[in-house]
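Right, one structure below, let's go through it.
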Amino acid sequence: MKDDRWQQLTLAQQLGHIGSDIARARRWQQKCELRDNALLRAIELLDRTLADPRRKPYLRELARFREVLCDWLTD
């Protein structure tokens, strides 16, 4: 999804897309490469959400969410 389209989504829609990639990562827990790809995609989408100026009130929570995903990726 292009950045300009991503910026037009609501926070709920953005988090829904991120959640889909997290669900894929959980499903593929035993298949490390697929899990890692899904987690990297979720982190990429979360980075786009963090870059969205409309999300300024949620930066702390979103940044913490990103930190948790990065920890999961490195386990």
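Letters A, B, ... go to the chains of the structure tokens in the order shown; residues in each chain start at 1; ligands are counted from 1 in the same order.
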
task = Please provide as a ChimeraX atom specification all residues within 12 Å of stretch 39-44 of chain A, with the sequence filter that same-chain residues fewer than 6 positions apart are discarded (counting only C-alpha atoms).
result = /A:1-3,6,14-29,32-33,50-51,62-75

Given the selection you just returned, output its residues as a file containing N, CA, C and O atoms, formatted as a short mmCIF file (atom, residue, chain, number, x, y, z; two decimals), in the first residue's frame.
data_model
loop_
_atom_site.label_atom_id
_atom_site.label_comp_id
_atom_site.auth_asym_id
_atom_site.auth_seq_id
_atom_site.Cartn_x
_atom_site.Cartn_y
_atom_site.Cartn_z
N MET A 1 0.84 -1.17 0.00
CA MET A 1 0.00 0.00 0.00
C MET A 1 0.89 1.24 0.00
O MET A 1 1.84 1.32 0.76
N LYS A 2 0.59 2.17 -0.84
CA LYS A 2 1.40 3.37 -0.96
C LYS A 2 1.20 4.26 0.27
O LYS A 2 0.16 4.25 0.90
N ASP A 3 2.25 5.04 0.58
CA ASP A 3 2.20 5.91 1.75
C ASP A 3 1.03 6.88 1.71
O ASP A 3 0.37 7.11 2.72
N TRP A 6 -2.03 5.08 2.63
CA TRP A 6 -1.95 4.70 4.04
C TRP A 6 -2.35 5.88 4.93
O TRP A 6 -3.07 5.72 5.91
N GLN A 14 -5.68 1.33 9.94
CA GLN A 14 -4.25 1.11 9.97
C GLN A 14 -3.90 -0.01 10.94
O GLN A 14 -3.15 -0.92 10.61
N LEU A 15 -4.46 0.05 12.14
CA LEU A 15 -4.18 -0.99 13.13
C LEU A 15 -4.73 -2.34 12.69
O LEU A 15 -4.15 -3.38 13.00
N GLY A 16 -5.83 -2.36 11.96
CA GLY A 16 -6.37 -3.60 11.43
C GLY A 16 -5.41 -4.27 10.47
O GLY A 16 -5.19 -5.49 10.52
N HIS A 17 -4.80 -3.49 9.59
CA HIS A 17 -3.81 -4.03 8.66
C HIS A 17 -2.59 -4.56 9.40
O HIS A 17 -2.07 -5.64 9.08
N ILE A 18 -2.13 -3.81 10.39
CA ILE A 18 -0.99 -4.25 11.20
C ILE A 18 -1.35 -5.55 11.92
O ILE A 18 -0.57 -6.50 11.95
N GLY A 19 -2.54 -5.61 12.48
CA GLY A 19 -3.00 -6.81 13.18
C GLY A 19 -3.06 -8.03 12.28
O GLY A 19 -2.76 -9.14 12.72
N SER A 20 -3.41 -7.84 11.03
CA SER A 20 -3.44 -8.96 10.08
C SER A 20 -2.07 -9.57 9.91
O SER A 20 -1.92 -10.80 9.88
N ASP A 21 -1.05 -8.72 9.82
CA ASP A 21 0.31 -9.24 9.69
C ASP A 21 0.77 -9.91 10.98
O ASP A 21 1.49 -10.91 10.94
N ILE A 22 0.35 -9.41 12.11
CA ILE A 22 0.70 -10.05 13.38
C ILE A 22 0.02 -11.42 13.47
O ILE A 22 0.64 -12.39 13.91
N ALA A 23 -1.22 -11.51 13.04
CA ALA A 23 -1.92 -12.80 13.04
C ALA A 23 -1.20 -13.80 12.14
O ALA A 23 -1.06 -14.98 12.50
N ARG A 24 -0.74 -13.34 10.98
CA ARG A 24 0.03 -14.22 10.10
C ARG A 24 1.30 -14.69 10.79
O ARG A 24 1.67 -15.86 10.71
N ALA A 25 1.96 -13.78 11.47
CA ALA A 25 3.20 -14.14 12.17
C ALA A 25 2.93 -15.19 13.24
O ALA A 25 3.71 -16.14 13.39
N ARG A 26 1.84 -15.07 13.96
CA ARG A 26 1.50 -16.07 14.98
C ARG A 26 1.20 -17.42 14.34
O ARG A 26 1.59 -18.46 14.84
N ARG A 27 0.48 -17.40 13.23
CA ARG A 27 0.15 -18.64 12.53
C ARG A 27 1.40 -19.33 12.02
O ARG A 27 1.47 -20.55 11.97
N TRP A 28 2.37 -18.54 11.63
CA TRP A 28 3.60 -19.08 11.04
C TRP A 28 4.73 -19.15 12.06
O TRP A 28 5.90 -19.15 11.68
N GLN A 29 4.41 -19.22 13.32
CA GLN A 29 5.41 -19.22 14.38
C GLN A 29 6.49 -20.29 14.15
O GLN A 29 7.66 -20.05 14.39
N CYS A 32 9.95 -19.92 10.64
CA CYS A 32 10.62 -18.67 11.03
C CYS A 32 10.69 -17.63 9.92
O CYS A 32 10.45 -16.45 10.17
N GLU A 33 11.01 -18.03 8.71
CA GLU A 33 11.16 -17.05 7.63
C GLU A 33 9.82 -16.36 7.33
O GLU A 33 9.77 -15.14 7.19
N LEU A 50 3.22 5.66 12.54
CA LEU A 50 3.95 6.61 13.39
C LEU A 50 4.30 7.90 12.64
O LEU A 50 4.37 8.97 13.24
N ALA A 51 4.52 7.80 11.33
CA ALA A 51 4.85 8.97 10.53
C ALA A 51 3.63 9.82 10.20
O ALA A 51 3.78 10.97 9.75
N LEU A 62 1.95 3.77 20.27
CA LEU A 62 2.36 3.15 19.02
C LEU A 62 3.85 2.81 19.03
O LEU A 62 4.25 1.75 18.53
N ALA A 63 4.65 3.68 19.61
CA ALA A 63 6.09 3.39 19.70
C ALA A 63 6.34 2.18 20.61
O ALA A 63 7.21 1.36 20.31
N ARG A 64 5.59 2.07 21.69
CA ARG A 64 5.73 0.90 22.57
C ARG A 64 5.31 -0.37 21.83
O ARG A 64 5.94 -1.42 21.96
N PHE A 65 4.23 -0.29 21.06
CA PHE A 65 3.76 -1.41 20.25
C PHE A 65 4.87 -1.84 19.29
O PHE A 65 5.16 -3.04 19.15
N ARG A 66 5.54 -0.88 18.66
CA ARG A 66 6.63 -1.19 17.74
C ARG A 66 7.77 -1.89 18.48
O ARG A 66 8.36 -2.85 17.99
N GLU A 67 8.07 -1.41 19.66
CA GLU A 67 9.13 -2.01 20.47
C GLU A 67 8.83 -3.48 20.78
O GLU A 67 9.71 -4.34 20.68
N VAL A 68 7.59 -3.77 21.12
CA VAL A 68 7.19 -5.15 21.41
C VAL A 68 7.34 -6.03 20.17
O VAL A 68 7.84 -7.15 20.25
N LEU A 69 6.92 -5.53 19.02
CA LEU A 69 7.06 -6.29 17.78
C LEU A 69 8.53 -6.54 17.45
O LEU A 69 8.89 -7.65 17.04
N CYS A 70 9.37 -5.56 17.66
CA CYS A 70 10.81 -5.74 17.40
C CYS A 70 11.40 -6.78 18.35
O CYS A 70 12.22 -7.60 17.93
N ASP A 71 10.97 -6.76 19.59
CA ASP A 71 11.44 -7.79 20.55
C ASP A 71 11.03 -9.18 20.09
O ASP A 71 11.80 -10.12 20.18
N TRP A 72 9.79 -9.30 19.63
CA TRP A 72 9.29 -10.59 19.15
C TRP A 72 10.11 -11.06 17.95
O TRP A 72 10.48 -12.22 17.82
N LEU A 73 10.44 -10.12 17.07
CA LEU A 73 11.20 -10.45 15.87
C LEU A 73 12.60 -10.97 16.24
O LEU A 73 13.12 -11.88 15.60
N THR A 74 13.20 -10.42 17.26
CA THR A 74 14.57 -10.81 17.61
C THR A 74 14.64 -12.05 18.49
O THR A 74 15.73 -12.52 18.79
N ASP A 75 13.51 -12.55 18.95
CA ASP A 75 13.50 -13.79 19.77
C ASP A 75 13.75 -15.00 18.93
O ASP A 75 13.51 -15.13 17.82
#

Interatomic distance (Å, one decimal) between atom CA of A:Gln8 and atom CA of A:Arg54 = 9.9 Å

Check chain A with DSSP on the backbone and list each residue it calls alpha helix (DSSP H), as a short mmCIF file (atom, residue, chain, number, x, y, z; two decimals) with N, CA, C and O atoms, in the first residue's frame.
data_model
loop_
_atom_site.label_atom_id
_atom_site.label_comp_id
_atom_site.auth_asym_id
_atom_site.auth_seq_id
_atom_site.Cartn_x
_atom_site.Cartn_y
_atom_site.Cartn_z
N ASP A 3 2.25 5.04 0.58
CA ASP A 3 2.20 5.91 1.75
C ASP A 3 1.03 6.88 1.71
O ASP A 3 0.37 7.11 2.72
N ASP A 4 0.75 7.46 0.53
CA ASP A 4 -0.34 8.44 0.46
C ASP A 4 -1.69 7.80 0.76
O ASP A 4 -2.53 8.39 1.44
N ARG A 5 -1.90 6.58 0.31
CA ARG A 5 -3.15 5.88 0.63
C ARG A 5 -3.19 5.50 2.10
O ARG A 5 -4.22 5.58 2.74
N TRP A 6 -2.03 5.08 2.63
CA TRP A 6 -1.95 4.70 4.04
C TRP A 6 -2.35 5.88 4.93
O TRP A 6 -3.07 5.72 5.91
N GLN A 7 -1.91 7.07 4.58
CA GLN A 7 -2.20 8.25 5.38
C GLN A 7 -3.69 8.60 5.38
O GLN A 7 -4.15 9.31 6.26
N GLN A 8 -4.43 8.11 4.41
CA GLN A 8 -5.86 8.41 4.33
C GLN A 8 -6.71 7.46 5.17
O GLN A 8 -7.88 7.72 5.41
N LEU A 11 -7.21 5.39 11.97
CA LEU A 11 -6.32 4.66 12.87
C LEU A 11 -6.79 3.21 13.01
O LEU A 11 -5.98 2.29 12.99
N ALA A 12 -8.09 3.01 13.12
CA ALA A 12 -8.62 1.64 13.23
C ALA A 12 -8.27 0.81 12.00
O ALA A 12 -7.90 -0.37 12.13
N GLN A 13 -8.36 1.39 10.82
CA GLN A 13 -8.01 0.66 9.61
C GLN A 13 -6.51 0.36 9.57
O GLN A 13 -6.10 -0.75 9.19
N GLN A 14 -5.68 1.33 9.94
CA GLN A 14 -4.25 1.11 9.97
C GLN A 14 -3.90 -0.01 10.94
O GLN A 14 -3.15 -0.92 10.61
N LEU A 15 -4.46 0.05 12.14
CA LEU A 15 -4.18 -0.99 13.13
C LEU A 15 -4.73 -2.34 12.69
O LEU A 15 -4.15 -3.38 13.00
N GLY A 16 -5.83 -2.36 11.96
CA GLY A 16 -6.37 -3.60 11.43
C GLY A 16 -5.41 -4.27 10.47
O GLY A 16 -5.19 -5.49 10.52
N HIS A 17 -4.80 -3.49 9.59
CA HIS A 17 -3.81 -4.03 8.66
C HIS A 17 -2.59 -4.56 9.40
O HIS A 17 -2.07 -5.64 9.08
N ILE A 18 -2.13 -3.81 10.39
CA ILE A 18 -0.99 -4.25 11.20
C ILE A 18 -1.35 -5.55 11.92
O ILE A 18 -0.57 -6.50 11.95
N GLY A 19 -2.54 -5.61 12.48
CA GLY A 19 -3.00 -6.81 13.18
C GLY A 19 -3.06 -8.03 12.28
O GLY A 19 -2.76 -9.14 12.72
N SER A 20 -3.41 -7.84 11.03
CA SER A 20 -3.44 -8.96 10.08
C SER A 20 -2.07 -9.57 9.91
O SER A 20 -1.92 -10.80 9.88
N ASP A 21 -1.05 -8.72 9.82
CA ASP A 21 0.31 -9.24 9.69
C ASP A 21 0.77 -9.91 10.98
O ASP A 21 1.49 -10.91 10.94
N ILE A 22 0.35 -9.41 12.11
CA ILE A 22 0.70 -10.05 13.38
C ILE A 22 0.02 -11.42 13.47
O ILE A 22 0.64 -12.39 13.91
N ALA A 23 -1.22 -11.51 13.04
CA ALA A 23 -1.92 -12.80 13.04
C ALA A 23 -1.20 -13.80 12.14
O ALA A 23 -1.06 -14.98 12.50
N ARG A 24 -0.74 -13.34 10.98
CA ARG A 24 0.03 -14.22 10.10
C ARG A 24 1.30 -14.69 10.79
O ARG A 24 1.67 -15.86 10.71
N ALA A 25 1.96 -13.78 11.47
CA ALA A 25 3.20 -14.14 12.17
C ALA A 25 2.93 -15.19 13.24
O ALA A 25 3.71 -16.14 13.39
N ARG A 26 1.84 -15.07 13.96
CA ARG A 26 1.50 -16.07 14.98
C ARG A 26 1.20 -17.42 14.34
O ARG A 26 1.59 -18.46 14.84
N ARG A 27 0.48 -17.40 13.23
CA ARG A 27 0.15 -18.64 12.53
C ARG A 27 1.40 -19.33 12.02
O ARG A 27 1.47 -20.55 11.97
N CYS A 32 9.95 -19.92 10.64
CA CYS A 32 10.62 -18.67 11.03
C CYS A 32 10.69 -17.63 9.92
O CYS A 32 10.45 -16.45 10.17
N GLU A 33 11.01 -18.03 8.71
CA GLU A 33 11.16 -17.05 7.63
C GLU A 33 9.82 -16.36 7.33
O GLU A 33 9.77 -15.14 7.19
N LEU A 34 8.75 -17.15 7.26
CA LEU A 34 7.44 -16.56 7.00
C LEU A 34 7.01 -15.66 8.15
O LEU A 34 6.47 -14.58 7.95
N ARG A 35 7.27 -16.11 9.38
CA ARG A 35 6.93 -15.31 10.56
C ARG A 35 7.68 -13.99 10.53
O ARG A 35 7.10 -12.92 10.74
N ASP A 36 8.97 -14.06 10.27
CA ASP A 36 9.78 -12.84 10.24
C ASP A 36 9.32 -11.88 9.16
O ASP A 36 9.27 -10.67 9.38
N ASN A 37 8.95 -12.40 7.99
CA ASN A 37 8.45 -11.54 6.91
C ASN A 37 7.17 -10.83 7.33
O ASN A 37 7.00 -9.64 7.05
N ALA A 38 6.28 -11.56 7.99
CA ALA A 38 5.02 -10.95 8.44
C ALA A 38 5.29 -9.89 9.51
O ALA A 38 4.68 -8.82 9.51
N LEU A 39 6.21 -10.19 10.42
CA LEU A 39 6.54 -9.21 11.46
C LEU A 39 7.20 -7.97 10.87
O LEU A 39 6.89 -6.84 11.28
N LEU A 40 8.09 -8.16 9.91
CA LEU A 40 8.72 -7.02 9.26
C LEU A 40 7.69 -6.15 8.55
O LEU A 40 7.77 -4.92 8.58
N ARG A 41 6.73 -6.79 7.92
CA ARG A 41 5.66 -6.03 7.25
C ARG A 41 4.83 -5.27 8.27
O ARG A 41 4.50 -4.10 8.06
N ALA A 42 4.51 -5.90 9.40
CA ALA A 42 3.75 -5.22 10.45
C ALA A 42 4.53 -4.02 10.98
O ALA A 42 3.96 -2.94 11.20
N ILE A 43 5.83 -4.18 11.17
CA ILE A 43 6.66 -3.07 11.65
C ILE A 43 6.71 -1.95 10.61
O ILE A 43 6.63 -0.77 10.95
N GLU A 44 6.81 -2.33 9.33
CA GLU A 44 6.81 -1.32 8.27
C GLU A 44 5.51 -0.52 8.28
O GLU A 44 5.51 0.71 8.19
N LEU A 45 4.39 -1.21 8.41
CA LEU A 45 3.09 -0.52 8.45
C LEU A 45 2.98 0.35 9.70
O LEU A 45 2.45 1.46 9.65
N LEU A 46 3.48 -0.15 10.81
CA LEU A 46 3.46 0.63 12.04
C LEU A 46 4.33 1.88 11.91
O LEU A 46 3.96 2.95 12.39
N ASP A 47 5.46 1.76 11.23
CA ASP A 47 6.30 2.94 10.98
C ASP A 47 5.54 3.99 10.17
O ASP A 47 5.66 5.19 10.43
N ARG A 48 4.78 3.54 9.21
CA ARG A 48 3.96 4.48 8.42
C ARG A 48 2.92 5.15 9.31
O ARG A 48 2.65 6.34 9.16
N THR A 49 2.35 4.39 10.22
CA THR A 49 1.37 4.95 11.14
C THR A 49 2.03 5.97 12.05
O THR A 49 1.48 7.05 12.30
N LEU A 50 3.22 5.66 12.54
CA LEU A 50 3.95 6.61 13.39
C LEU A 50 4.30 7.90 12.64
O LEU A 50 4.37 8.97 13.24
N ALA A 51 4.52 7.80 11.33
CA ALA A 51 4.85 8.97 10.53
C ALA A 51 3.63 9.82 10.20
O ALA A 51 3.78 10.97 9.75
N LEU A 59 1.46 8.60 19.85
CA LEU A 59 2.84 8.23 19.56
C LEU A 59 3.45 7.32 20.63
O LEU A 59 4.12 6.34 20.30
N ARG A 60 3.22 7.60 21.89
CA ARG A 60 3.82 6.79 22.95
C ARG A 60 3.35 5.34 22.86
O ARG A 60 4.16 4.42 22.91
N GLU A 61 2.04 5.14 22.72
CA GLU A 61 1.50 3.78 22.65
C GLU A 61 1.95 3.06 21.39
O GLU A 61 2.30 1.88 21.43
N LEU A 62 1.95 3.77 20.27
CA LEU A 62 2.36 3.15 19.02
C LEU A 62 3.85 2.81 19.03
O LEU A 62 4.25 1.75 18.53
N ALA A 63 4.65 3.68 19.61
CA ALA A 63 6.09 3.39 19.70
C ALA A 63 6.34 2.18 20.61
O ALA A 63 7.21 1.36 20.31
N ARG A 64 5.59 2.07 21.69
CA ARG A 64 5.73 0.90 22.57
C ARG A 64 5.31 -0.37 21.83
O ARG A 64 5.94 -1.42 21.96
N PHE A 65 4.23 -0.29 21.06
CA PHE A 65 3.76 -1.41 20.25
C PHE A 65 4.87 -1.84 19.29
O PHE A 65 5.16 -3.04 19.15
N ARG A 66 5.54 -0.88 18.66
CA ARG A 66 6.63 -1.19 17.74
C ARG A 66 7.77 -1.89 18.48
O ARG A 66 8.36 -2.85 17.99
N GLU A 67 8.07 -1.41 19.66
CA GLU A 67 9.13 -2.01 20.47
C GLU A 67 8.83 -3.48 20.78
O GLU A 67 9.71 -4.34 20.68
N VAL A 68 7.59 -3.77 21.12
CA VAL A 68 7.19 -5.15 21.41
C VAL A 68 7.34 -6.03 20.17
O VAL A 68 7.84 -7.15 20.25
N LEU A 69 6.92 -5.53 19.02
CA LEU A 69 7.06 -6.29 17.78
C LEU A 69 8.53 -6.54 17.45
O LEU A 69 8.89 -7.65 17.04
N CYS A 70 9.37 -5.56 17.66
CA CYS A 70 10.81 -5.74 17.40
C CYS A 70 11.40 -6.78 18.35
O CYS A 70 12.22 -7.60 17.93
N ASP A 71 10.97 -6.76 19.59
CA ASP A 71 11.44 -7.79 20.55
C ASP A 71 11.03 -9.18 20.09
O ASP A 71 11.80 -10.12 20.18
N TRP A 72 9.79 -9.30 19.63
CA TRP A 72 9.29 -10.59 19.15
C TRP A 72 10.11 -11.06 17.95
O TRP A 72 10.48 -12.22 17.82
N LEU A 73 10.44 -10.12 17.07
CA LEU A 73 11.20 -10.45 15.87
C LEU A 73 12.60 -10.97 16.24
O LEU A 73 13.12 -11.88 15.60
N THR A 74 13.20 -10.42 17.26
CA THR A 74 14.57 -10.81 17.61
C THR A 74 14.64 -12.05 18.49
O THR A 74 15.73 -12.52 18.79
#
